[in-house]
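Pasted below: start02.txt, compact mmCIF, C-alpha atoms.
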```txt
# COMPACT_ATOMS: atom_id res chain seq x y z
CA MET A 1 85.27 -10.18 63.65
CA CYS A 2 85.75 -14.00 63.36
CA PHE A 3 87.50 -14.45 66.76
CA TRP A 4 90.58 -16.07 65.17
CA GLU A 5 93.91 -15.31 66.82
CA ASP A 6 96.64 -14.56 64.28
CA ASP A 7 99.36 -17.22 64.43
CA GLN A 8 102.28 -17.14 62.00
CA SER A 9 102.82 -20.90 62.19
CA GLN A 10 99.21 -21.45 61.11
CA PHE A 11 99.54 -18.88 58.31
CA ASP A 12 102.64 -20.74 57.10
CA ASP A 13 100.89 -24.13 57.36
CA PRO A 14 97.12 -23.62 57.17
CA ASP A 15 96.48 -27.29 58.02
CA TYR A 16 98.45 -27.09 61.27
CA THR A 17 96.35 -27.60 64.42
CA GLY A 18 97.74 -26.21 67.62
CA GLY A 19 99.47 -23.02 68.54
CA ALA A 20 97.23 -20.06 69.23
CA ASN A 21 94.07 -21.78 67.91
CA ALA A 22 92.67 -25.26 68.47
CA SER A 23 91.63 -25.73 64.85
CA SER A 24 93.71 -25.30 61.71
CA LEU A 25 93.38 -22.11 59.67
CA ASN A 26 91.67 -24.07 56.88
CA GLU A 27 89.18 -25.60 59.33
CA ALA A 28 88.50 -22.17 60.83
CA ARG A 29 87.97 -20.64 57.38
CA ALA A 30 85.45 -23.34 56.47
CA THR A 31 83.63 -22.89 59.78
CA PHE A 32 83.61 -19.11 59.32
CA ALA A 33 82.18 -19.49 55.82
CA ARG A 34 79.39 -21.62 57.25
CA ILE A 35 78.50 -19.88 60.54
CA GLY A 36 80.35 -16.56 60.67
CA ALA A 37 82.88 -17.47 63.38
CA SER A 38 86.09 -19.48 63.43
CA SER A 39 84.44 -21.93 65.83
CA ALA A 40 80.92 -22.51 67.16
CA ASP A 41 82.19 -21.80 70.69
CA ASP A 42 83.07 -18.25 69.64
CA LEU A 43 79.75 -17.20 68.08
CA GLU A 44 78.87 -14.86 70.94
CA PHE A 45 82.11 -12.90 70.44
CA VAL A 46 81.92 -12.19 66.70
CA ARG A 47 80.50 -9.35 64.66
CA ALA A 48 79.68 -8.94 61.00
CA PRO A 49 82.59 -7.66 58.88
CA LEU A 50 82.72 -4.00 57.98
CA PRO A 51 82.60 -3.28 54.23
CA ASN A 52 86.35 -2.58 54.09
CA GLU A 53 87.07 -5.94 55.81
CA ILE A 54 85.44 -8.11 53.16
CA PRO A 55 88.05 -9.57 50.81
CA ARG A 56 87.45 -9.25 47.09
CA CYS A 57 87.39 -13.04 46.71
CA GLU A 58 85.26 -13.70 49.75
CA ILE A 59 84.42 -17.29 50.63
CA PRO A 60 80.65 -17.75 50.20
CA ARG A 61 78.96 -17.26 53.56
CA ALA A 62 75.66 -18.19 55.00
CA SER A 63 73.16 -15.39 55.32
CA GLU A 64 73.01 -13.26 58.47
CA ARG A 65 69.64 -14.86 59.24
CA THR A 66 71.29 -18.32 59.10
CA ILE A 67 74.14 -17.18 61.34
CA ARG A 68 71.66 -15.89 63.94
CA ALA A 69 69.61 -19.07 63.74
CA GLU A 70 72.69 -21.28 64.10
CA ARG A 71 73.54 -19.39 67.26
CA GLU A 72 70.16 -20.55 68.58
CA THR A 73 70.90 -24.14 67.56
CA ASP A 74 74.30 -24.37 69.29
CA GLY A 75 76.20 -23.39 66.15
CA ARG A 76 75.64 -26.74 64.51
CA PRO A 77 74.66 -26.76 60.85
CA ILE A 78 71.23 -28.20 60.34
CA SER A 79 71.08 -31.77 59.07
CA ASN A 80 68.55 -34.54 58.77
CA ASN A 81 69.86 -35.88 62.09
CA ASN A 82 69.16 -32.71 64.12
CA LEU A 83 66.32 -31.18 62.11
CA VAL A 84 63.47 -31.61 64.60
CA GLU A 85 65.69 -30.76 67.57
CA SER A 86 66.85 -27.58 65.80
CA LEU A 87 63.27 -26.60 64.98
CA LEU A 88 62.11 -27.05 68.57
CA ARG A 89 65.10 -25.13 69.91
CA LEU A 90 64.55 -22.19 67.56
CA VAL A 91 60.72 -22.20 67.66
CA PRO A 92 59.67 -23.79 70.98
CA GLU A 93 56.18 -22.31 70.54
CA PHE A 94 55.58 -24.87 67.80
CA GLY A 95 56.10 -27.70 70.27
CA LEU A 96 55.33 -31.37 69.99
CA GLU A 97 52.43 -32.82 71.90
CA PRO A 98 53.32 -36.18 73.47
CA GLY A 99 52.20 -38.91 71.11
CA GLU A 100 50.88 -36.40 68.57
CA LYS A 101 53.95 -36.17 66.37
CA ASP A 102 56.96 -38.47 66.26
CA PRO A 103 60.23 -36.50 66.26
CA GLU A 104 61.76 -39.47 64.44
CA LEU A 105 59.55 -38.69 61.45
CA PRO A 106 60.67 -35.23 60.35
CA TYR A 107 58.31 -35.15 57.35
CA VAL A 108 55.30 -35.42 59.67
CA VAL A 109 56.72 -32.83 62.07
CA LEU A 110 57.51 -30.43 59.21
CA GLY A 111 54.01 -30.82 57.78
CA GLY A 112 52.66 -29.64 61.12
CA PHE A 113 55.21 -26.83 61.17
CA ALA A 114 54.11 -25.74 57.68
CA LEU A 115 50.54 -25.38 58.94
CA PHE A 116 51.84 -23.50 62.00
CA VAL A 117 53.73 -21.06 59.70
CA ARG A 118 50.75 -20.71 57.36
CA ASN A 119 48.51 -19.77 60.29
CA LEU A 120 51.07 -17.24 61.55
CA LEU A 121 51.29 -15.62 58.13
CA ARG A 122 47.50 -15.36 57.95
CA ASP A 123 47.37 -13.66 61.38
CA SER A 124 48.13 -9.94 61.11
CA SER A 125 48.58 -9.78 64.90
CA ALA A 126 51.18 -12.61 65.01
CA ASP A 127 54.27 -11.96 67.14
CA PRO A 128 56.92 -10.58 64.72
CA ASP A 129 59.73 -12.28 66.67
CA LEU A 130 58.00 -15.65 66.33
CA VAL A 131 57.50 -15.12 62.59
CA GLU A 132 61.18 -14.13 62.23
CA ARG A 133 62.33 -17.27 64.05
CA CYS A 134 60.14 -19.41 61.79
CA MET A 135 61.67 -17.69 58.75
CA SER A 136 65.13 -18.26 60.24
CA PHE A 137 64.42 -21.97 60.46
CA LEU A 138 63.30 -22.04 56.82
CA GLN A 139 66.47 -20.16 55.89
CA LEU A 140 68.60 -22.69 57.81
CA MET A 141 66.95 -25.46 55.83
CA ALA A 142 67.45 -23.63 52.52
CA ASP A 143 71.13 -22.99 53.31
CA SER A 144 71.81 -26.58 54.38
CA SER A 145 74.19 -28.64 52.28
CA ASP A 146 72.25 -31.78 53.29
CA ALA A 147 70.12 -32.86 50.29
CA ASP A 148 67.67 -34.62 52.63
CA VAL A 149 67.04 -31.32 54.44
CA GLU A 150 66.33 -29.50 51.18
CA ASN A 151 63.98 -32.28 50.10
CA LEU A 152 62.14 -32.09 53.44
CA LEU A 153 61.90 -28.31 53.05
CA VAL A 154 60.28 -28.72 49.64
CA VAL A 155 57.92 -31.63 50.32
CA GLY A 156 57.25 -30.99 54.01
CA ILE A 157 56.86 -27.21 54.08
CA LEU A 158 56.95 -25.40 50.74
CA GLU A 159 54.33 -27.63 49.11
CA VAL A 160 51.94 -26.67 51.92
CA LEU A 161 52.78 -22.96 51.76
CA ALA A 162 52.61 -22.92 47.94
CA ASP A 163 48.91 -23.78 48.18
CA GLU A 164 48.28 -20.18 49.21
CA PRO A 165 49.77 -17.51 46.95
CA GLU A 166 49.85 -14.95 49.78
CA CYS A 167 51.88 -17.31 51.99
CA ARG A 168 54.27 -17.98 49.14
CA ARG A 169 54.63 -14.25 48.47
CA GLN A 170 55.35 -13.46 52.12
CA VAL A 171 57.90 -16.25 52.54
CA SER A 172 59.62 -15.44 49.23
CA ALA A 173 59.77 -11.73 50.11
CA ARG A 174 61.32 -12.47 53.50
CA LEU A 175 63.78 -15.16 52.39
CA GLY A 176 64.63 -14.30 48.83
CA GLN A 177 66.01 -16.07 45.80
CA ARG A 178 66.72 -19.63 46.96
CA ILE A 179 63.27 -20.07 48.48
CA SER A 180 61.68 -18.60 45.34
CA GLU A 181 63.60 -21.12 43.23
CA LEU A 182 62.38 -23.96 45.43
CA PHE A 183 58.78 -22.70 45.20
CA ASP A 184 59.23 -22.67 41.40
CA GLU A 185 60.38 -26.30 41.55
CA VAL A 186 57.19 -27.19 43.46
CA GLU A 187 55.03 -25.50 40.83
CA ARG A 188 56.92 -27.17 37.94
CA PHE A 189 56.37 -30.53 39.59
CA TRP A 190 52.67 -29.79 40.06
CA ARG A 191 52.39 -28.87 36.37
CA GLY A 192 54.06 -32.17 35.44
CA GLY A 193 57.37 -30.63 34.42
CA GLY A 194 59.44 -31.80 37.44
```

Rendering of file as structure tokens:
Amino acid sequence: MCFWEDDQSQFDDPDYTGGANASSLNEARATFARIGASSADDLEFVRAPLPNEIPRCEIPRASERTIRAERETDGRPISNNNLVESLLRLVPEFGLEPGEKDPELPYVVLGGFALFVRNLLRDSSADPDLVERCMSFLQLMADSSDADVENLLVVGILEVLADEPECRRQVSARLGQRISELFDEVERFWRGGG
């Protein structure tokens, strides 16, 4: 499931590195909670846990959509430093025209991406796989622990999508509670309550 090899010495000392696994048990647990594998190198070998394999006090995990998207971005969590690179890796169809958008200015790039997503959501014949990958990128941003990434999600993408109720509805329906909360923050700010 997580591709961790049981090692009694690491069970006895969860901070011990070495033995059967390169990382410590505590490091592997944290990585598993974030990406669904004990290490990014092992993502291709893991599977989702079966219901009887989920502990009662499960460590909070990223969504399945985030786990799939991180596999496409080399297993690295998304951050302000790799945001544009991660977007282009996951959604190469978006692309950057030379000189058109500066990848060093993620706000500008994300504004263009918001328009790209809006146009996809308006198009009933849009490629479902492309739409799913765009939603996966938004989910990666929403699940990021980097406050700069969340801010860029709100001001670079959600403010654009919130302009059209149908876009907001579609994105909220696909991505759920956290995105809905962020859309609500946008609307509170617009009403002067943020």

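We find atom CA of Ala40 of chain A and atom CA of Asp148 of chain A to be spaced 23.1 Å apart.
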
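Closest approach to Arg168 of chain A among A:Leu182, A:Ala126, A:Leu140, A:Leu110: A:Leu182, based on only C-alpha atoms.
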
Within 10 Å of Asn21 of chain A, counting all atoms listed in the file, which residues qualify if same-chain residues fewer than 4 places away don't, as a PDB file with C-alpha atoms, in the coordinates of the input?
```pdb
ATOM      1  CA  PHE A   3      87.500 -14.450  66.760  1.00  0.00           C
ATOM      2  CA  TRP A   4      90.580 -16.070  65.170  1.00  0.00           C
ATOM      3  CA  GLU A   5      93.910 -15.310  66.820  1.00  0.00           C
ATOM      4  CA  ASP A   6      96.640 -14.560  64.280  1.00  0.00           C
ATOM      5  CA  ASP A   7      99.360 -17.220  64.430  1.00  0.00           C
ATOM      6  CA  GLN A  10      99.210 -21.450  61.110  1.00  0.00           C
ATOM      7  CA  TYR A  16      98.450 -27.090  61.270  1.00  0.00           C
ATOM      8  CA  THR A  17      96.350 -27.600  64.420  1.00  0.00           C
ATOM      9  CA  LEU A  25      93.380 -22.110  59.670  1.00  0.00           C
ATOM     10  CA  ALA A  28      88.500 -22.170  60.830  1.00  0.00           C
ATOM     11  CA  SER A  38      86.090 -19.480  63.430  1.00  0.00           C
ATOM     12  CA  SER A  39      84.440 -21.930  65.830  1.00  0.00           C
TER      13      SER A  39
END
```

What does the distance from atom CA of Val155 of chain A to atom CA of Pro128 of chain A come to in Å, to one decimal?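 Pair atom CA of Val155 of chain A / atom CA of Pro128 of chain A returns 25.5 Å.
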
Would you work out the distance separating atom CA of Arg191 of chain A from atom CA of Leu152 of chain A, expressed in Å to one decimal?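 Interatomic distance, atom CA of Arg191 of chain A to atom CA of Leu152 of chain A: 19.9 Å.
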
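Those residues positioned at most 6 Å from (54.0, -19.4, 53.6) are Arg118, Leu161, Cys167, Arg168 and Val171 of chain A, judged using all atoms listed in the file.
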
Using all atoms listed in the file, which of A:Gln8, A:Ser144, A:Ser180, A:Leu153 sits nearest Ser24 of chain A?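 Looking only at the distances to Ser24 of chain A, the closest residue turns out to be A:Gln8.
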
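Each of A:Met135, A:Gly192, A:Gly156, A:Asn82 was compared to Gly112 of chain A using all atoms listed in the file, and A:Gly156 turns out to be the nearest.
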
Nearest candidate to Ser136 of chain A (options A:Ala20, A:Val149, A:Leu87, A:Val186; using only C-alpha atoms):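 For Ser136 of chain A, the nearest of the given residues is A:Leu87.
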
I'd like to know which of A:Cys134, A:Ala22, A:Ala37, A:Ala142 is closest to Gln177 of chain A, using all atoms listed in the file. A:Ala142

So which one's closest to Ala162 of chain A, A:Ser79, A:Ala114, A:Gly176, A:Leu130? Using all atoms listed in the file, please. A:Ala114
